[in-house]
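Okay, input07.cif now, which holds mmCIF, C-alpha atoms:
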data_final
loop_
_atom_site.label_atom_id
_atom_site.label_comp_id
_atom_site.auth_asym_id
_atom_site.auth_seq_id
_atom_site.Cartn_x
_atom_site.Cartn_y
_atom_site.Cartn_z
CA MET A 769 0.00 0.00 0.00
CA PRO A 770 1.47 3.42 -0.94
CA LYS A 771 2.32 5.97 1.70
CA LYS A 772 -0.35 8.48 2.63
CA ARG A 773 0.52 11.92 1.28
CA ARG A 774 0.84 14.76 3.73
CA LYS A 775 0.16 18.42 3.14
CA LEU A 776 3.47 20.23 2.87
CA ASP A 777 4.01 23.96 3.14
CA VAL A 778 5.78 23.90 -0.24
CA ILE A 779 4.21 25.13 -3.47
CA CYS A 780 4.85 24.18 -7.08
CA LEU A 781 7.09 26.77 -8.70
CA ASN A 782 6.40 25.73 -12.30
CA SER A 783 4.30 28.48 -13.91
CA LYS A 784 2.87 25.98 -16.44
CA CYS A 785 1.49 23.67 -13.74
CA LYS A 786 -2.22 23.85 -12.92
CA HIS A 787 -1.30 23.86 -9.21
CA PHE A 788 1.22 26.69 -9.58
CA ASN A 789 1.54 28.78 -6.40
CA LYS A 790 -1.33 26.93 -4.66
CA LYS A 791 -0.59 25.97 -1.08
CA GLY A 792 -2.16 23.21 0.98
CA LEU A 793 -2.66 20.67 -1.81
CA LYS A 794 -1.22 17.17 -1.71
CA ASN A 795 0.53 17.41 -5.07
CA ILE A 796 4.04 17.94 -3.61
CA VAL A 797 6.01 14.92 -2.40
CA ARG A 798 9.49 14.59 -0.95
CA ASN A 799 11.96 13.27 -3.49
CA GLY A 800 15.30 12.55 -1.78
CA LYS A 801 17.98 15.01 -0.78
CA LYS A 802 20.66 16.98 -2.59
CA LYS A 803 24.37 16.50 -1.87
CA ASN A 804 24.39 19.44 0.53
CA GLY A 805 21.49 17.97 2.55
CA THR A 806 18.73 20.16 1.12
CA GLN A 807 15.38 18.39 0.79
CA ASN A 808 14.31 17.81 -2.82
CA TYR A 809 10.59 18.00 -3.72
CA LYS A 810 8.58 16.90 -6.75
CA CYS A 811 5.20 18.04 -8.04
CA THR A 812 3.12 15.00 -8.98
CA THR A 813 1.02 17.09 -11.37
CA CYS A 814 3.79 18.39 -13.64
CA ASN A 815 6.69 16.10 -12.54
CA VAL A 816 9.05 19.02 -11.92
CA SER A 817 11.64 18.64 -9.17
CA PHE A 818 12.79 21.58 -7.07
CA VAL A 819 14.18 22.52 -3.68
CA ARG A 820 12.59 24.69 -1.02
CA THR A 821 15.24 27.39 -1.38
CA LYS A 822 14.39 28.20 -5.00
CA GLY A 823 13.59 31.89 -5.33
CA THR A 824 15.50 32.78 -2.16
CA PRO A 825 19.03 34.07 -1.58
CA LEU A 826 19.97 30.56 -0.42
CA TYR A 827 19.32 28.98 -3.83
CA TYR A 828 22.52 27.55 -5.36
CA SER A 829 24.39 28.52 -2.21
CA LYS A 830 26.87 26.13 -0.69
CA LEU A 831 26.90 28.09 2.54
CA PRO A 832 24.65 26.82 5.32
CA LYS A 833 21.58 28.87 6.19
CA GLN A 834 23.05 29.92 9.55
CA GLU A 835 26.21 31.26 7.88
CA VAL A 836 24.18 33.36 5.45
CA LYS A 837 22.18 34.74 8.40
CA ASN A 838 25.41 35.53 10.21
CA ILE A 839 26.79 37.37 7.17
CA CYS A 840 23.54 39.35 6.83
CA ASN A 841 23.70 40.30 10.52
CA HIS A 842 27.16 41.75 9.89
CA PHE A 843 25.74 43.76 6.96
CA VAL A 844 23.07 45.17 9.25
CA GLU A 845 25.78 46.27 11.67
CA LYS A 846 27.35 48.22 8.74
CA ASN A 847 30.57 46.20 8.73
CA SER A 848 32.72 46.40 5.61
CA PHE A 849 32.86 43.50 3.15
CA ARG A 850 36.46 42.79 4.09
CA GLY A 851 35.57 42.97 7.78
CA VAL A 852 32.73 40.49 7.32
CA ALA A 853 35.03 38.16 5.37
CA ARG A 854 37.66 38.37 8.09
CA VAL A 855 35.22 37.75 10.96
CA THR A 856 33.29 34.90 9.28
CA LYS A 857 36.45 33.36 7.73
CA HIS A 858 34.87 33.20 4.26
CA ALA A 859 36.37 34.36 0.98
CA LEU A 860 35.67 37.95 0.00
CA ASN A 861 33.99 36.78 -3.23
CA SER A 862 31.59 34.66 -1.15
CA ILE A 863 30.63 37.74 0.84
CA TYR A 864 30.10 39.70 -2.39
CA ARG A 865 27.93 36.88 -3.76
CA VAL A 866 25.75 36.75 -0.64
CA ALA A 867 25.37 40.55 -0.65
CA ASP A 868 24.39 40.50 -4.33
CA LYS A 869 21.82 37.71 -3.88
CA VAL A 870 20.29 39.29 -0.76
CA GLY A 871 20.19 42.74 -2.41
CA LYS A 872 18.43 41.41 -5.52
CA HIS A 873 15.95 39.52 -3.35
CA CYS A 874 15.23 42.67 -1.32
CA GLU A 875 14.58 44.60 -4.54
CA LYS A 876 12.04 41.96 -5.61
CA VAL A 877 10.33 42.13 -2.23
CA ASP A 878 10.23 45.94 -2.38
CA GLU A 879 8.72 45.88 -5.86
CA GLU A 880 6.09 43.39 -4.71
CA PHE A 881 5.02 45.01 -1.44
CA LEU A 882 5.73 48.73 -1.86
CA VAL A 883 3.03 49.36 -4.43
CA ASP A 884 0.18 51.86 -4.21
CA LEU A 885 0.95 53.03 -0.72
CA LYS A 886 -1.62 55.54 0.40
CA LEU A 887 0.83 57.68 2.33
CA GLY A 888 -0.11 60.96 3.86
CA MET A 889 2.15 64.00 3.78
CA VAL A 890 3.68 63.22 7.18
CA GLU A 891 4.54 59.58 6.39
CA ALA A 892 6.06 60.45 3.02
CA ASP A 893 8.09 63.26 4.57
CA GLU A 894 9.39 60.94 7.33
CA ILE A 895 10.48 58.30 4.82
CA PHE A 896 12.09 60.88 2.56
CA SER A 897 14.01 62.47 5.45
CA PHE A 898 15.16 59.01 6.57
CA ILE A 899 16.52 58.31 3.08
CA LYS A 900 18.00 61.79 2.82
CA LYS A 901 19.97 61.27 6.07
CA ARG A 902 21.43 58.08 4.70
CA LYS A 903 22.08 59.21 1.16
CA LYS A 904 25.26 57.19 0.92
CA ILE A 905 23.38 53.97 1.68
CA ALA A 906 20.12 54.57 -0.17
CA SER A 907 20.16 53.88 -3.87
CA ALA A 908 19.26 56.47 -6.46
CA LYS A 909 16.25 54.35 -7.38
CA ALA A 910 14.82 54.60 -3.87
CA SER A 911 15.26 58.37 -3.88
CA ARG A 912 13.45 58.63 -7.22
CA ILE A 913 10.58 56.52 -5.91
CA MET A 914 10.23 58.63 -2.79
CA LYS A 915 10.34 61.88 -4.80
CA SER A 916 7.56 60.56 -7.04
CA VAL A 917 5.51 59.58 -3.97
CA LEU A 918 6.02 63.05 -2.49
CA THR A 919 5.05 64.86 -5.67
CA THR A 920 1.91 62.76 -6.21
CA HIS A 921 0.59 63.25 -2.65
CA ILE A 922 1.26 66.95 -2.25
#
Would you write out, as structure tokens, the structure that this file holds?
Amino acid sequence: MPKKRRKLDVICLNSKCKHFNKKGLKNIVRNGKKKNGTQNYKCTTCNVSFVRTKGTPLYYSKLPKQEVKNICNHFVEKNSFRGVARVTKHALNSIYRVADKVGKHCEKVDEEFLVDLKLGMVEADEIFSFIKKRKKIASAKASRIMKSVLTTHI
């Protein structure tokens, strides 16, 4: 008798699948593990295999999850790339790669969630002054977005 399928909190990432992005269905089954220990999953509807980390900064990363978190914590503390590499004992290129992946992921999250914000004059001014104080850190794109928000709500 085959094993009873359990509901997993993993979704099918194949855009051509009829169960694409639908959570709570029993179409995802565990399908072994990768060499680095990451659980492999398979959609029984479209027969596509994938790992849980797909679409995250941890995808194709050989560093353990805890190490990536540690590196990100050093970024939050405004440590230099060389300083982070020295403290974590990783190569400088690895630190650059993690920063690039995390930065691109943050941009995607910003584009997804920071849409059609109904900000009042006070909120927009607070955000703009926060970015203005940290001009060296904030990207030019963020400044342009905030200027457009300010001009549309004035």
| task | Show which residues sit within 12 Å of His787 (chain A), as a list in words. Count only C-alpha atoms, and ignore same-chain residues fewer than 2 positions away. | result | Val778, Ile779, Cys780, Leu781, Asn782, Ser783, Lys784, Cys785, Asn789, Lys790, Lys791, Gly792, Leu793, Lys794, Asn795, Ile796, Cys811, Thr812, Thr813, Cys814, Asn815 and Val816 of chain A
| task | Starting from the shown file, work through the PyMOL selection byres ((chain A and resi 797) around 6) and note down what comes out as number ranges by chain. | result | A: 796, 798, 809-810
| field | Explicit residues for the PyMOL selection byres ((chain A and resi 829-845) around 9) (as a PyMOL selection string) | value | chain A and resi 804+825-828+846-849+851-853+856+862-863+866-867+870
| Point-to-point distance from CA of Asn808 (chain A) to CA of Gly823 (chain A), Å rounded to tenths | 14.3 Å
| request: Could you jot down the CA of Thr806 (chain A) to CA of Val819 (chain A) separation for me, Å, one decimal place? | output: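 Between CA of Thr806 (chain A) and CA of Val819 (chain A) the gap is 7.0 Å.
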